[in-house]
Amino acid sequence: MTIYGFGTKTASALGLASVLVEAHDIGKRSARKGKAQASADKFVRDQIGASKLNTDSQKHNEIKEYIEHADFTDKVSETAGFIGGYLSGAGKCIKDNCFTVGFGTLGLFAKSKAMRTIALLGMGISMLFDTLTNATNLFERKDYLDDK
């Protein structure tokens, strides 16, 4: 393996690792939000369900109130929200960095010098573009006070 090949593989691995670390971090935050949202949605569904009676039966009213406060399926709902939130957040991050992932993967498996060069250039340009658009305010509207 040449030094250029080793450098390409190293840069590609580091680029992919940065995306995976970011995806994991965003996934963890999205998982917490998903769990909280699932819990809130479950609470509202339980409240609405318990407030409606099909008949004027006191027995059925007490059963509905018991089920409302019993929390049989709260953990299942929260766990599903947690898992769904993690997958959603991590997936969104990978989708947003799809060019970095694609060129990084190409750099890991490229055999020719031309493909390695394309992989390095593509990954570099995609990371530069991502940094310029998301980490700076160069392309954001800043003239909110101007009357246009």
# chains A, B, ... in the order shown; residues from 1 in each chain; ligands from 1
call {"tool": "residues_around", "arguments": {"residues": "stretch 73-81 of chain A", "least_positions_apart": "5", "cutoff": "8 Å", "atoms": "only C-alpha atoms", "output": "MDAnalysis selection string"}}
result
chainID A and resid 31 34:39 42
call {"tool": "residues_around", "arguments": {"residues": "stretch 117-119 of chain A", "least_positions_apart": "5", "cutoff": "6 Å", "atoms": "only C-alpha atoms", "output": "PyMOL selection string"}}
result
chain A and resi 103+106-107
call {"tool": "closest_residue", "arguments": {"among": "A:Ile26, A:Ala13, A:Met123, A:Ala110", "to": "A:Cys98", "atoms": "only C-alpha atoms"}}
result
A:Met123
call {"tool": "decode", "arguments": {"residues": "stretch 5-32 of chain A", "atoms": "N, CA, C and O atoms", "output": "tab-separated table (two decimals), in the first residue's frame"}}
result
chain	number	residue	atom	x	y	z
A	5	GLY	N	-2.44	5.87	-0.71
A	5	GLY	CA	-3.54	4.95	-0.40
A	5	GLY	C	-3.83	4.90	1.09
A	5	GLY	O	-4.98	4.90	1.51
A	6	PHE	N	-2.77	4.87	1.89
A	6	PHE	CA	-2.95	4.88	3.34
A	6	PHE	C	-3.60	6.18	3.81
A	6	PHE	O	-4.49	6.17	4.66
A	7	GLY	N	-3.16	7.29	3.25
A	7	GLY	CA	-3.74	8.60	3.61
A	7	GLY	C	-5.21	8.69	3.22
A	7	GLY	O	-6.03	9.23	3.97
A	8	THR	N	-5.54	8.16	2.03
A	8	THR	CA	-6.93	8.17	1.59
A	8	THR	C	-7.80	7.34	2.52
A	8	THR	O	-8.88	7.77	2.93
A	9	LYS	N	-7.35	6.16	2.86
A	9	LYS	CA	-8.12	5.29	3.76
A	9	LYS	C	-8.27	5.91	5.14
A	9	LYS	O	-9.33	5.85	5.76
A	10	THR	N	-7.20	6.54	5.62
A	10	THR	CA	-7.25	7.19	6.93
A	10	THR	C	-8.23	8.37	6.92
A	10	THR	O	-9.06	8.51	7.83
A	11	ALA	N	-8.13	9.22	5.89
A	11	ALA	CA	-9.03	10.36	5.80
A	11	ALA	C	-10.48	9.91	5.64
A	11	ALA	O	-11.40	10.48	6.26
A	12	SER	N	-10.70	8.87	4.86
A	12	SER	CA	-12.05	8.35	4.67
A	12	SER	C	-12.61	7.78	5.97
A	12	SER	O	-13.77	8.01	6.32
A	13	ALA	N	-11.78	7.03	6.69
A	13	ALA	CA	-12.22	6.46	7.96
A	13	ALA	C	-12.53	7.55	8.97
A	13	ALA	O	-13.53	7.47	9.71
A	14	LEU	N	-11.71	8.58	9.02
A	14	LEU	CA	-11.97	9.69	9.95
A	14	LEU	C	-13.23	10.46	9.56
A	14	LEU	O	-14.00	10.88	10.43
A	15	GLY	N	-13.45	10.66	8.27
A	15	GLY	CA	-14.67	11.34	7.83
A	15	GLY	C	-15.92	10.54	8.18
A	15	GLY	O	-16.91	11.08	8.67
A	16	LEU	N	-15.87	9.23	7.93
A	16	LEU	CA	-17.01	8.38	8.29
A	16	LEU	C	-17.21	8.33	9.80
A	16	LEU	O	-18.34	8.34	10.28
A	17	ALA	N	-16.12	8.28	10.54
A	17	ALA	CA	-16.22	8.25	12.01
A	17	ALA	C	-16.85	9.54	12.53
A	17	ALA	O	-17.67	9.49	13.46
A	18	SER	N	-16.51	10.68	11.94
A	18	SER	CA	-17.10	11.94	12.40
A	18	SER	C	-18.61	11.96	12.15
A	18	SER	O	-19.38	12.45	12.98
A	19	VAL	N	-19.04	11.41	11.02
A	19	VAL	CA	-20.47	11.34	10.73
A	19	VAL	C	-21.16	10.38	11.70
A	19	VAL	O	-22.25	10.66	12.21
A	20	LEU	N	-20.55	9.25	11.98
A	20	LEU	CA	-21.15	8.28	12.89
A	20	LEU	C	-21.24	8.80	14.32
A	20	LEU	O	-22.23	8.58	15.01
A	21	VAL	N	-20.21	9.51	14.77
A	21	VAL	CA	-20.26	10.10	16.12
A	21	VAL	C	-21.37	11.15	16.20
A	21	VAL	O	-22.13	11.19	17.17
A	22	GLU	N	-21.47	11.97	15.16
A	22	GLU	CA	-22.52	12.98	15.13
A	22	GLU	C	-23.90	12.33	15.04
A	22	GLU	O	-24.85	12.76	15.70
A	23	ALA	N	-24.03	11.27	14.26
A	23	ALA	CA	-25.31	10.57	14.14
A	23	ALA	C	-25.72	9.96	15.48
A	23	ALA	O	-26.89	10.01	15.86
A	24	HIS	N	-24.77	9.41	16.21
A	24	HIS	CA	-25.06	8.84	17.52
A	24	HIS	C	-25.50	9.93	18.50
A	24	HIS	O	-26.47	9.76	19.25
A	25	ASP	N	-24.82	11.07	18.48
A	25	ASP	CA	-25.17	12.17	19.37
A	25	ASP	C	-26.57	12.71	19.05
A	25	ASP	O	-27.39	12.92	19.96
A	26	ILE	N	-26.85	12.93	17.78
A	26	ILE	CA	-28.17	13.41	17.38
A	26	ILE	C	-29.23	12.36	17.68
A	26	ILE	O	-30.34	12.67	18.11
A	27	GLY	N	-28.88	11.09	17.47
A	27	GLY	CA	-29.81	10.01	17.78
A	27	GLY	C	-30.17	9.97	19.25
A	27	GLY	O	-31.33	9.75	19.61
A	28	LYS	N	-29.19	10.16	20.14
A	28	LYS	CA	-29.46	10.17	21.58
A	28	LYS	C	-30.40	11.30	21.95
A	28	LYS	O	-31.34	11.11	22.72
A	29	ARG	N	-30.14	12.50	21.40
A	29	ARG	CA	-31.02	13.64	21.71
A	29	ARG	C	-32.42	13.42	21.15
A	29	ARG	O	-33.42	13.71	21.81
A	30	SER	N	-32.51	12.89	19.94
A	30	SER	CA	-33.81	12.61	19.34
A	30	SER	C	-34.54	11.50	20.08
A	30	SER	O	-35.77	11.50	20.15
A	31	ALA	N	-33.80	10.55	20.64
A	31	ALA	CA	-34.41	9.47	21.41
A	31	ALA	C	-35.09	10.02	22.66
A	31	ALA	O	-36.21	9.61	23.00
A	32	ARG	N	-34.43	10.94	23.34
A	32	ARG	CA	-35.04	11.54	24.54
A	32	ARG	C	-36.29	12.32	24.17
A	32	ARG	O	-37.30	12.26	24.87
